Every structure is written in C-alpha cells, then in structure tokens.
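*Asks:* Hey, dropping protein08.txt in here, compact mmCIF, C-alpha atoms:
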# COMPACT_ATOMS: atom_id res chain seq x y z
CA MET L 438 -17.77 -11.92 -6.50
CA ASP L 439 -16.27 -14.84 -8.36
CA LEU L 440 -14.15 -14.90 -11.53
CA GLU L 441 -17.06 -15.26 -13.93
CA MET L 442 -18.95 -12.34 -12.39
CA VAL L 443 -15.92 -10.05 -12.51
CA MET L 444 -15.20 -10.95 -16.13
CA GLN L 445 -18.81 -10.13 -17.02
CA GLU L 446 -18.54 -6.78 -15.23
CA LEU L 447 -15.29 -5.94 -17.03
CA GLU L 448 -16.69 -6.91 -20.42
CA ALA L 449 -19.68 -4.62 -19.85
CA LEU L 450 -17.30 -1.73 -19.15
CA GLY L 451 -15.27 -2.27 -22.32
CA LYS L 452 -15.15 0.33 -25.10
CA ASP L 453 -13.91 -0.27 -28.65
CA ARG L 454 -12.09 3.09 -28.71
CA ILE L 455 -10.09 2.26 -25.60
CA LYS L 456 -9.49 -1.27 -26.84
CA LYS L 457 -7.90 0.12 -30.02
CA THR L 458 -5.70 2.42 -27.92
CA TYR L 459 -4.48 -0.46 -25.78
CA ILE L 460 -3.75 -2.56 -28.86
CA SER L 461 -1.80 0.31 -30.43
CA ASN L 462 0.36 0.33 -27.27
CA GLY L 463 1.11 -3.39 -27.44
CA ALA L 464 -1.87 -5.20 -25.93
CA HIS L 465 -3.41 -8.11 -27.81
CA GLU L 466 -6.53 -10.23 -27.60
CA PRO L 467 -8.19 -11.14 -25.36
CA LEU L 468 -9.12 -7.75 -23.94
CA PHE L 469 -12.25 -5.61 -23.49
CA GLY L 470 -10.89 -2.07 -23.47
CA VAL L 471 -11.79 -0.91 -19.96
CA ALA L 472 -10.67 2.54 -18.81
CA THR L 473 -8.76 2.17 -15.55
CA GLY L 474 -10.93 4.76 -13.84
CA LYS L 475 -14.01 2.67 -14.58
CA MET L 476 -12.49 -0.20 -12.58
CA LYS L 477 -12.42 1.74 -9.31
CA PRO L 478 -16.05 1.15 -8.20
CA LEU L 479 -15.65 -2.57 -8.86
CA ALA L 480 -12.36 -2.65 -6.96
CA LYS L 481 -13.92 -0.78 -4.04
CA ASN L 482 -16.61 -3.43 -3.86
CA ILE L 483 -14.15 -6.35 -3.93
CA LYS L 484 -11.26 -4.76 -1.96
CA ARG L 485 -8.13 -6.92 -1.70
CA ASN L 486 -8.56 -10.52 -2.80
CA GLN L 487 -5.39 -12.37 -3.75
CA PRO L 488 -7.02 -15.68 -4.80
CA LEU L 489 -9.34 -13.82 -7.17
CA ALA L 490 -6.45 -11.67 -8.40
CA GLU L 491 -4.52 -14.83 -9.29
CA GLN L 492 -7.47 -16.20 -11.23
CA LEU L 493 -7.91 -12.95 -13.13
CA TYR L 494 -4.22 -12.63 -13.97
CA ALA L 495 -4.14 -16.20 -15.27
CA THR L 496 -6.86 -15.46 -17.87
CA GLY L 497 -4.39 -13.65 -20.12
CA ASN L 498 -7.06 -10.99 -20.69
CA TYR L 499 -5.32 -7.61 -20.46
CA ASP L 500 -8.14 -5.87 -18.57
CA ALA L 501 -8.45 -8.77 -16.14
CA MET L 502 -4.67 -8.79 -15.59
CA TYR L 503 -4.68 -5.06 -14.90
CA PHE L 504 -7.60 -5.39 -12.50
CA ALA L 505 -5.77 -8.23 -10.76
CA GLY L 506 -3.04 -5.76 -9.88
CA ILE L 507 -5.59 -3.41 -8.34
CA ILE L 508 -7.15 -6.00 -6.02
CA ALA L 509 -3.99 -8.00 -5.29
CA ASP L 510 -2.65 -8.29 -1.76
CA PRO L 511 1.07 -7.67 -2.44
CA MET L 512 2.33 -8.62 1.02
CA THR L 513 1.04 -12.17 0.55
CA MET L 514 3.03 -12.56 -2.68
CA THR L 515 6.45 -14.21 -2.77
CA GLU L 516 9.35 -13.56 -5.11
CA ALA L 517 8.26 -16.64 -7.08
CA ASP L 518 4.78 -15.13 -7.46
CA PHE L 519 6.20 -11.88 -8.85
CA GLU L 520 8.45 -13.83 -11.22
CA ARG L 521 5.41 -15.77 -12.44
CA TRP L 522 3.48 -12.55 -13.01
CA MET L 523 6.44 -11.10 -14.92
CA ASP L 524 6.62 -14.22 -17.10
CA ALA L 525 3.07 -13.45 -18.26
CA ALA L 526 3.60 -9.67 -18.62
CA TYR L 527 3.94 -9.50 -22.39
CA PHE L 528 4.17 -5.69 -22.79
CA TYR L 529 5.13 -2.65 -20.77
CA MET L 530 1.66 -1.69 -19.50
CA LEU L 531 1.68 -4.99 -17.60
CA SER L 532 5.33 -5.10 -16.58
CA ASP L 533 5.58 -1.46 -15.45
CA TYR L 534 2.03 -0.58 -14.39
CA VAL L 535 0.82 -3.87 -12.92
CA VAL L 536 3.73 -6.04 -11.80
CA ALA L 537 6.15 -3.26 -10.82
CA VAL L 538 3.42 -1.32 -9.01
CA THR L 539 2.28 -4.38 -7.07
CA LEU L 540 5.87 -5.29 -6.20
CA ALA L 541 6.45 -1.76 -4.87
CA GLU L 542 4.08 -2.48 -1.96
CA ASN L 543 6.08 -5.52 -0.82
CA ASP L 544 9.08 -5.43 1.54
CA ILE L 545 11.15 -7.43 -0.97
CA ALA L 546 10.67 -4.81 -3.67
CA GLN L 547 14.22 -3.52 -3.88
CA ASP L 548 15.78 -6.99 -3.85
CA VAL L 549 13.56 -8.25 -6.66
CA ALA L 550 13.86 -5.03 -8.67
CA ASP L 551 17.67 -5.22 -8.41
CA LYS L 552 17.61 -8.72 -9.91
CA TRP L 553 15.34 -7.60 -12.74
CA ILE L 554 17.54 -4.60 -13.57
CA ALA L 555 20.53 -6.95 -13.85
CA ASN L 556 18.54 -9.54 -15.82
CA GLY L 557 19.19 -8.22 -19.33
CA GLU L 558 15.63 -8.89 -20.52
CA GLU L 559 13.90 -5.73 -21.75
CA LEU L 560 10.65 -5.92 -19.79
CA ARG L 561 12.24 -7.23 -16.60
CA MET L 562 14.76 -4.39 -16.67
CA SER L 563 11.95 -1.95 -17.40
CA ALA L 564 9.90 -3.30 -14.50
CA GLY L 565 12.91 -3.09 -12.17
CA TRP L 566 13.63 0.56 -12.94
CA SER L 567 9.90 1.35 -12.85
CA CYS L 568 9.55 -0.30 -9.44
CA TYR L 569 12.21 2.07 -8.08
CA CYS L 570 10.25 4.98 -9.52
CA TRP L 571 7.13 3.85 -7.66
CA LEU L 572 9.16 3.31 -4.49
CA LEU L 573 11.02 6.64 -4.57
CA GLY L 574 7.82 8.48 -5.36
CA ASN L 575 6.03 7.05 -2.34
CA ARG L 576 8.37 5.98 0.46
CA PRO L 577 10.42 8.25 2.77
CA ASP L 578 13.91 9.11 1.54
CA GLY L 579 15.41 7.44 4.60
CA GLU L 580 14.38 3.99 3.34
CA PHE L 581 16.96 4.16 0.55
CA SER L 582 20.75 4.00 0.42
CA THR L 583 21.99 7.26 -1.08
CA SER L 584 25.13 5.57 -2.38
CA LYS L 585 23.05 2.88 -4.06
CA ILE L 586 20.70 5.32 -5.78
CA SER L 587 23.73 7.39 -6.80
CA SER L 588 25.37 4.36 -8.43
CA MET L 589 22.09 3.63 -10.21
CA LEU L 590 22.15 7.15 -11.67
CA ASP L 591 25.69 6.44 -12.85
CA LYS L 592 24.50 3.22 -14.48
CA VAL L 593 21.69 5.06 -16.27
CA GLU L 594 24.07 7.73 -17.52
CA SER L 595 26.48 5.19 -19.00
CA THR L 596 24.00 2.66 -20.44
CA ILE L 597 20.67 4.33 -21.25
CA HIS L 598 21.34 5.08 -24.92
CA ASP L 599 22.38 1.47 -25.57
CA SER L 600 19.49 -0.12 -23.68
CA PRO L 601 16.28 -1.64 -25.12
CA ASP L 602 13.52 0.89 -25.80
CA ARG L 603 11.19 0.13 -22.89
CA THR L 604 14.17 0.02 -20.53
CA LYS L 605 15.26 3.42 -21.87
CA SER L 606 11.87 4.84 -21.01
CA ALA L 607 11.94 3.47 -17.46
CA MET L 608 15.52 4.66 -16.94
CA ASN L 609 14.60 8.14 -18.12
CA ASN L 610 11.70 8.15 -15.67
CA PHE L 611 14.10 7.04 -12.94
CA ILE L 612 16.27 10.13 -13.50
CA TYR L 613 13.18 12.34 -13.32
CA THR L 614 11.85 10.59 -10.19
CA VAL L 615 15.14 10.91 -8.33
CA GLY L 616 15.30 14.56 -9.39
CA ILE L 617 11.89 15.36 -7.94
CA SER L 618 11.12 12.79 -5.24
CA TYR L 619 14.51 11.92 -3.69
CA LEU L 620 15.95 15.08 -2.18
CA PRO L 621 19.43 13.76 -1.25
CA LEU L 622 20.30 13.34 -4.94
CA HIS L 623 18.23 16.08 -6.54
CA GLU L 624 21.25 17.99 -7.83
CA LYS L 625 22.99 14.86 -9.13
CA ALA L 626 19.81 13.80 -10.97
CA VAL L 627 19.60 17.24 -12.59
CA GLU L 628 23.20 16.93 -13.76
CA THR L 629 22.63 13.36 -14.96
CA ALA L 630 19.61 14.50 -16.96
CA LYS L 631 21.71 17.17 -18.66
CA VAL L 632 24.48 14.72 -19.55
CA VAL L 633 22.03 12.10 -20.85
CA GLY L 634 20.12 14.62 -22.95
CA PRO L 635 17.35 13.54 -25.35
CA VAL L 636 16.49 9.82 -25.29
CA GLU L 637 14.91 8.32 -28.40
CA VAL L 638 12.42 5.52 -27.80
CA ARG L 639 11.13 3.63 -30.84
CA ARG L 640 7.46 2.68 -30.74
CA GLY L 641 6.98 0.08 -33.47
CA LYS L 642 5.05 1.56 -36.38
CA LYS L 643 4.46 4.80 -34.48
CA LYS L 644 6.77 7.79 -34.59
CA SER L 645 9.65 7.56 -32.12
CA SER L 646 9.31 9.43 -28.83
CA ILE L 647 11.99 11.82 -27.64
CA LEU L 648 12.25 11.85 -23.85
CA LEU L 649 13.98 14.63 -21.94
CA ALA L 650 14.21 14.12 -18.18
CA SER L 651 15.72 17.57 -17.61
CA GLU L 652 12.68 19.24 -19.12
CA ASN L 653 10.26 17.20 -17.00
CA ILE L 654 12.24 17.91 -13.83
CA GLN L 655 12.20 21.63 -14.55
CA LYS L 656 8.46 21.64 -15.20
CA ASP L 657 7.80 20.08 -11.80
CA LEU L 658 10.26 22.41 -10.09
CA ASP L 659 8.38 25.35 -11.58
CA ARG L 660 5.19 23.91 -10.09
CA GLY L 661 6.78 23.63 -6.66
CA GLN L 662 6.76 19.83 -6.71
CA LEU L 663 10.27 19.22 -5.35
CA GLY L 664 10.06 16.49 -2.71
CA PHE L 665 6.70 15.22 -3.97
CA LYS L 666 5.55 11.85 -2.62
CA ARG L 667 2.42 9.97 -3.61
CA LYS L 668 0.10 8.98 -0.79
CA ASN L 669 -0.55 5.61 -2.42
CA VAL L 670 1.27 3.58 -5.06
CA ARG L 671 -1.80 1.85 -6.48
CA CYS L 672 -5.04 3.56 -7.40
Go ahead and express the file in the form of structure tokens.
*Replies:*
Amino acid sequence: MDLEMVMQELEALGKDRIKKTYISNGAHEPLFGVATGKMKPLAKNIKRNQPLAEQLYATGNYDAMYFAGIIADPMTMTEADFERWMDAAYFYMLSDYVVAVTLAENDIAQDVADKWIANGEELRMSAGWSCYCWLLGNRPDGEFSTSKISSMLDKVESTIHDSPDRTKSAMNNFIYTVGISYLPLHEKAVETAKVVGPVEVRRGKKKSSILLASENIQKDLDRGQLGFKRKNVRC
C-alpha cells in the first residue's frame, strides 16, 4: 500500500466522537479520529515499512503519525531520526506513545532517553521518562544499571513537583513502573512513592489530575503483578 491508500483507509476509520476526544487531549487538525484498535488489521497487512512510516509521520495528521509508529522499523532509525520525530511531536500522545515507544525498541534507547531527560524541554523530558517506562516494563532487569535507576528515582523525588506537567506525569509513571516491573528497586520505589505523595497535573481547561504512584503500585501488588513484563512494547 502507498501513502494515499493508507490515508484513505485511515480516513474511512475515523469517528467524530474519537476525534473530539483526541482534540480535548491536545491533538489538532489534521486528524480523522481513528481508534488505535481499529488500526491493527491495517498494520497487520502492511507489517513493518519504514519508508511508508516516514511518509505518514511527515503528513502532520495525528492518526497517520500514530500509525507510523506502529509500522515503523525502529532498528533502522538513527538518533537523528528520533530527534526529527520528536521535533514534530506537538503533544504528549505523540511524544510518549509514538516516539518514546518506537525508541524503546532500539538499542540506543537509554542513551537518547538520557539526553531527553536532561534537555529541559517538557515533551522531550516526558518522552525520556516514558521511554524508560516502556523499557523497564519489557526488558529483563539485568539490562539496566541498578545504581542508575536508583539515582533516577532520587531525581524524581527531588524534582517532580517543580517539573512541567507532562514531565510530572511521566515521572510519576516511572516510579510506578520501577515499583512493579524492576524487582531490584521495588522497595525503594515504594518508599519514593510515599515521599512524593500526590502529584497534581494541570490539564488546560480540564480539571487537574491528582496522581498517586503508591496507590497504583499497591493495586498491582494486590493483583499479583509484581515483576510484570510486557511481551511486546508496541501493539
């Protein structure tokens, strides 16, 4: 399938209700409003296709950009490619759920995520922390430096309440992910969550969200999810 055919397929799958939801979360035109689950049959038909993914991402259409992440071939992408994708990621559903997810399947993931966390720009920091969440929730514990993840928990504890809103959300999710998916620091993550306490995230005109990593960790512990790892990062 070529770009025009895929765009036609995506447009046909669009729903006004979903489009309004995406817009309320920060998306803007152009977009069709395609539920991510509806993209799976199309993705299965195309499989991985990096040239097509690049064309789709370059359209600026939110649904096309999201679908690009699904069919991308991450191991063919360079750091410059991920930086270019981040430059175009104008809200968190792209930075955290497209770019960060795609990066998490590349061997350079930690190096790039580290740079984004140190960048100071809200969405790059958010994507960096989110990438670690995808990594920790999928890869074996042995692939990570315990001292490094420990120092990252320290950084979250000392800076989360003064960070930009989307970065706060990703940091809070990092605490939770370490607490459930990275066994060497489970206890430290639980303690960090208690010290951090409630995290307020402003959502534009919507009511602020109050995030509580300790509560989410406990819920998953009660479900017997300690040590949980996803089989796949992307859908």
*Asks:* Counting only C-alpha atoms, which residues of stretch 515-588 of chain L fall within 8 Å of stretch 602-606 of chain L, and what is the closest atom pair for each with its distance in Å at one decimal, ordered by chain and rising number, as JSON lines?
*Replies:*
{"residue": "L:Tyr529", "atom": "CA", "partner": "L:Arg603", "partner_atom": "CA", "distance": 7.0}
{"residue": "L:Glu559", "atom": "CA", "partner": "L:Thr604", "partner_atom": "CA", "distance": 5.9}
{"residue": "L:Leu560", "atom": "CA", "partner": "L:Arg603", "partner_atom": "CA", "distance": 6.8}
{"residue": "L:Met562", "atom": "CA", "partner": "L:Thr604", "partner_atom": "CA", "distance": 5.9}
{"residue": "L:Ser563", "atom": "CA", "partner": "L:Thr604", "partner_atom": "CA", "distance": 4.3}
{"residue": "L:Trp566", "atom": "CA", "partner": "L:Thr604", "partner_atom": "CA", "distance": 7.6}
*Asks:* Which residues of stretch 515-614 of chain L sit at most 8 Å from stretch 500-507 of chain L, using all atoms listed in the file? Give each one's shortest atom pair and distance in Å (one decimal place), in chain and ascending residue order, as a tab-separated table.
*Replies:*
residue	atom	partner	partner_atom	distance
L:Leu531	CA	L:Tyr503	CA	6.9
L:Val535	CA	L:Gly506	CA	5.3
L:Val536	CA	L:Gly506	CA	7.0
L:Val538	CA	L:Gly506	CA	7.9
L:Thr539	CA	L:Gly506	CA	6.2
*Asks:* Can those selected residues be exported to a file as a short mmCIF file (atom, residue, chain, number, x, y, z; two decimals), in the frame of the given file so that it contains C-alpha atoms?
*Replies:*
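Writing the result to out-v7.cif gives the following:
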data_model
loop_
_atom_site.label_atom_id
_atom_site.label_comp_id
_atom_site.auth_asym_id
_atom_site.auth_seq_id
_atom_site.Cartn_x
_atom_site.Cartn_y
_atom_site.Cartn_z
CA LEU L 531 1.68 -4.99 -17.60
CA VAL L 535 0.82 -3.87 -12.92
CA VAL L 536 3.73 -6.04 -11.80
CA VAL L 538 3.42 -1.32 -9.01
CA THR L 539 2.28 -4.38 -7.07
#
*Asks:* Taking 5 positions as the minimum chain separation for residues in the same chain, which residues sit within 12 Å of L:Pro577 when counting only C-alpha atoms? Answer as a list in words.
*Replies:* Trp571, Leu572, Ser582, Ser618, Tyr619, Leu620, Pro621, Gly664, Phe665, Lys666, Arg667 and Lys668 of chain L
*Asks:* Mind dumping the selected residues with C-alpha atoms as a PDB file, in the frame of the given file?
*Replies:*
ATOM      1  CA  TRP L 571       7.130   3.850  -7.660  1.00  0.00           C
ATOM      2  CA  LEU L 572       9.160   3.310  -4.490  1.00  0.00           C
ATOM      3  CA  SER L 582      20.750   4.000   0.420  1.00  0.00           C
ATOM      4  CA  SER L 618      11.120  12.790  -5.240  1.00  0.00           C
ATOM      5  CA  TYR L 619      14.510  11.920  -3.690  1.00  0.00           C
ATOM      6  CA  LEU L 620      15.950  15.080  -2.180  1.00  0.00           C
ATOM      7  CA  PRO L 621      19.430  13.760  -1.250  1.00  0.00           C
ATOM      8  CA  GLY L 664      10.060  16.490  -2.710  1.00  0.00           C
ATOM      9  CA  PHE L 665       6.700  15.220  -3.970  1.00  0.00           C
ATOM     10  CA  LYS L 666       5.550  11.850  -2.620  1.00  0.00           C
ATOM     11  CA  ARG L 667       2.420   9.970  -3.610  1.00  0.00           C
ATOM     12  CA  LYS L 668       0.100   8.980  -0.790  1.00  0.00           C
TER      13      LYS L 668
END
*Asks:* Mind listing whatever residues come within 12 Å of the point (24.7, 5.9, -15.4)? Use all atoms listed in the file, file coordinates, and give them as a PDB file with C-alpha atoms, keeping the file's coordinate frame.
*Replies:*
ATOM      1  CA  LYS L 585      23.050   2.880  -4.060  1.00  0.00           C
ATOM      2  CA  ILE L 586      20.700   5.320  -5.780  1.00  0.00           C
ATOM      3  CA  SER L 587      23.730   7.390  -6.800  1.00  0.00           C
ATOM      4  CA  SER L 588      25.370   4.360  -8.430  1.00  0.00           C
ATOM      5  CA  MET L 589      22.090   3.630 -10.210  1.00  0.00           C
ATOM      6  CA  LEU L 590      22.150   7.150 -11.670  1.00  0.00           C
ATOM      7  CA  ASP L 591      25.690   6.440 -12.850  1.00  0.00           C
ATOM      8  CA  LYS L 592      24.500   3.220 -14.480  1.00  0.00           C
ATOM      9  CA  VAL L 593      21.690   5.060 -16.270  1.00  0.00           C
ATOM     10  CA  GLU L 594      24.070   7.730 -17.520  1.00  0.00           C
ATOM     11  CA  SER L 595      26.480   5.190 -19.000  1.00  0.00           C
ATOM     12  CA  THR L 596      24.000   2.660 -20.440  1.00  0.00           C
ATOM     13  CA  ILE L 597      20.670   4.330 -21.250  1.00  0.00           C
ATOM     14  CA  HIS L 598      21.340   5.080 -24.920  1.00  0.00           C
ATOM     15  CA  ASP L 599      22.380   1.470 -25.570  1.00  0.00           C
ATOM     16  CA  SER L 600      19.490  -0.120 -23.680  1.00  0.00           C
ATOM     17  CA  LYS L 605      15.260   3.420 -21.870  1.00  0.00           C
ATOM     18  CA  MET L 608      15.520   4.660 -16.940  1.00  0.00           C
ATOM     19  CA  ASN L 609      14.600   8.140 -18.120  1.00  0.00           C
ATOM     20  CA  PHE L 611      14.100   7.040 -12.940  1.00  0.00           C
ATOM     21  CA  ILE L 612      16.270  10.130 -13.500  1.00  0.00           C
ATOM     22  CA  LYS L 625      22.990  14.860  -9.130  1.00  0.00           C
ATOM     23  CA  ALA L 626      19.810  13.800 -10.970  1.00  0.00           C
ATOM     24  CA  GLU L 628      23.200  16.930 -13.760  1.00  0.00           C
ATOM     25  CA  THR L 629      22.630  13.360 -14.960  1.00  0.00           C
ATOM     26  CA  ALA L 630      19.610  14.500 -16.960  1.00  0.00           C
ATOM     27  CA  VAL L 632      24.480  14.720 -19.550  1.00  0.00           C
ATOM     28  CA  VAL L 633      22.030  12.100 -20.850  1.00  0.00           C
TER      29      VAL L 633
END
*Asks:* Looking at only C-alpha atoms, which of L:Gly451, L:Pro488, L:Gly616, L:Gly497 is the one that sits closest to L:Asp510?
*Replies:*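 Closest candidate: L:Pro488.
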*Asks:* Taking all atoms listed in the file into account, name the residue in L:Gly661, L:Pro635, L:Gly470, L:Gly557 that is nearest to L:Leu649.
*Replies:*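 Ranked by minimum distance to L:Leu649, first place goes to L:Pro635.
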*Asks:* Which residue gives the smallest distance to L:Ala541 among L:Ile617, L:Leu573, L:Leu658, L:Ile647, with all atoms listed in the file counted?
*Replies:* L:Leu573
*Asks:* Find, counting all atoms listed in the file, the residue in L:Phe581, L:Tyr569, L:Tyr459, L:Trp522 that gets nearest to L:Ala550.
*Replies:*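 Looking at the shortest contact to L:Ala550, the residue is L:Tyr569.
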*Asks:* Which distance in Å separates atom CA of L:Leu648 and atom CA of L:Pro601, to one decimal?
*Replies:* 14.1 Å
*Asks:* What does the distance between atom CA of L:Ser645 and atom CA of L:Lys457 come to in Å, to one decimal place?
*Replies:* 19.2 Å
*Asks:* In Å, with one decimal, what is the gap from atom CA of L:Thr513 to atom CA of L:Tyr527?
*Replies:* 23.3 Å
*Asks:* Here is a test: counting all atoms listed in the file, which residue of L:Ile460, L:Ala525, L:Ile554, L:Ala607 is nearest to L:Val636?
*Replies:* L:Ala607
*Asks:* Could you check the closest approach to L:Ala480 for each of L:Gly641, L:Glu446, L:Asp551, L:Ile654 and tell me which residue wins, using all atoms listed in the file?
*Replies:*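 Result for the nearest residue to L:Ala480: L:Glu446.
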